[in-house]
Amino acid sequence: MKAELLVRRSVLAMAFAGLLAAGAYAQDRTPQQQDVQNDKKDIPQDKKDLAKDRADRNADQRDINHDKKDVAKDRADRNADQRDINHDKTDLAKDRADRNADQRDINRDKNQLARDDTKYGANSAQAKADRKDLRTDRADRNGDQRDINHDKTDLAKDRADRNADQRDINYDKKDLAKDRADRNKDQKDINKDKRDMHKDRNDLRKDRRGHK
């Protein structure tokens, strides 16, 4: 029993001595050695930061390219709608002029019919011809009015499309400005990461030289 107790005490003493030695070794590490270890840890973290910021910058650049395409497409749509609006306005002005001319013809036909009815009688050839002209001019006038209504509908639709395209353009511009700001910020982060990594590498070289 005494021998076993002595063995146990010896083992405990050796373990305690080992712990003391390890602690002493850790305490004996110089500040320069600690700086070297810290610099070694900083450099991999700098690399990770740099890789992440580059990935973010590249993603933002892809967003910018996509936004530019959207803006270009929406502008093309807006411009096409504006051309349609201009065309609708031209058609509307022409149809209104035709409708007004037909209305003047109707008024003239009515006056002529009244005179011929009085002069030649309601069943005269002249009165019948006047009534035929009046029916034709009324049909033309009504056709022009339908064209005017159709032109107004087209004009309203094209204006709505143009306005929607303009809103899309404004939205795309905001996206583009935001993505550019994000890209520029990421580029600044990249530049900072490069400076940090360069500084940590220089520190590591200096600390290694000082340790020697």
# chains A, B, ... in the order shown; residues from 1 in each chain; ligands from 1
$ residues_around --residues "stretch 130-141 of chain A" --least-positions-apart "5" --cutoff "6 Å" --atoms "only C-alpha atoms" --output "list in words"
Arg99, Asp102, Ile106, Asp109 and Leu113 of chain A
$ residues_around --residues "A:Arg162" --least-positions-apart "3" --cutoff "9 Å" --atoms "only C-alpha atoms" --output "ChimeraX atom specification"
/A:77-82,85,157-159,165-167
$ closest_residue --among "A:Asp193, A:Asp154, A:Asp172, A:Asp203" --to "A:Asp67" --atoms "only C-alpha atoms"
A:Asp172
$ closest_atom_pairs --of "stretch 129-187 of chain A" --to "stretch 44-57 of chain A" --cutoff "8 Å" --atoms "only C-alpha atoms" --output "CSV"
residue,atom,partner,partner_atom,distance
A:Asp182,CA,A:Arg57,CA,7.6
A:Arg183,CA,A:Arg57,CA,5.1
A:Asn184,CA,A:Arg57,CA,7.8
A:Asp186,CA,A:Arg57,CA,5.2
A:Gln187,CA,A:Arg57,CA,6.4
$ atom_distance --atom1 "atom CA of A:Asn163" --atom2 "atom CA of A:Ala76"
13.0 Å
$ atom_distance --atom1 "atom CA of A:Asp168" --atom2 "atom CA of A:Asp88"
22.7 Å
$ atom_distance --atom1 "atom CA of A:Asp105" --atom2 "atom CA of A:Gln145"
14.7 Å
$ residues_around --residues "A:Asp144" --least-positions-apart "4" --cutoff "12 Å" --atoms "only C-alpha atoms" --output "VMD selection string"
chain A and resid 91 to 103 137 to 140 148 to 151
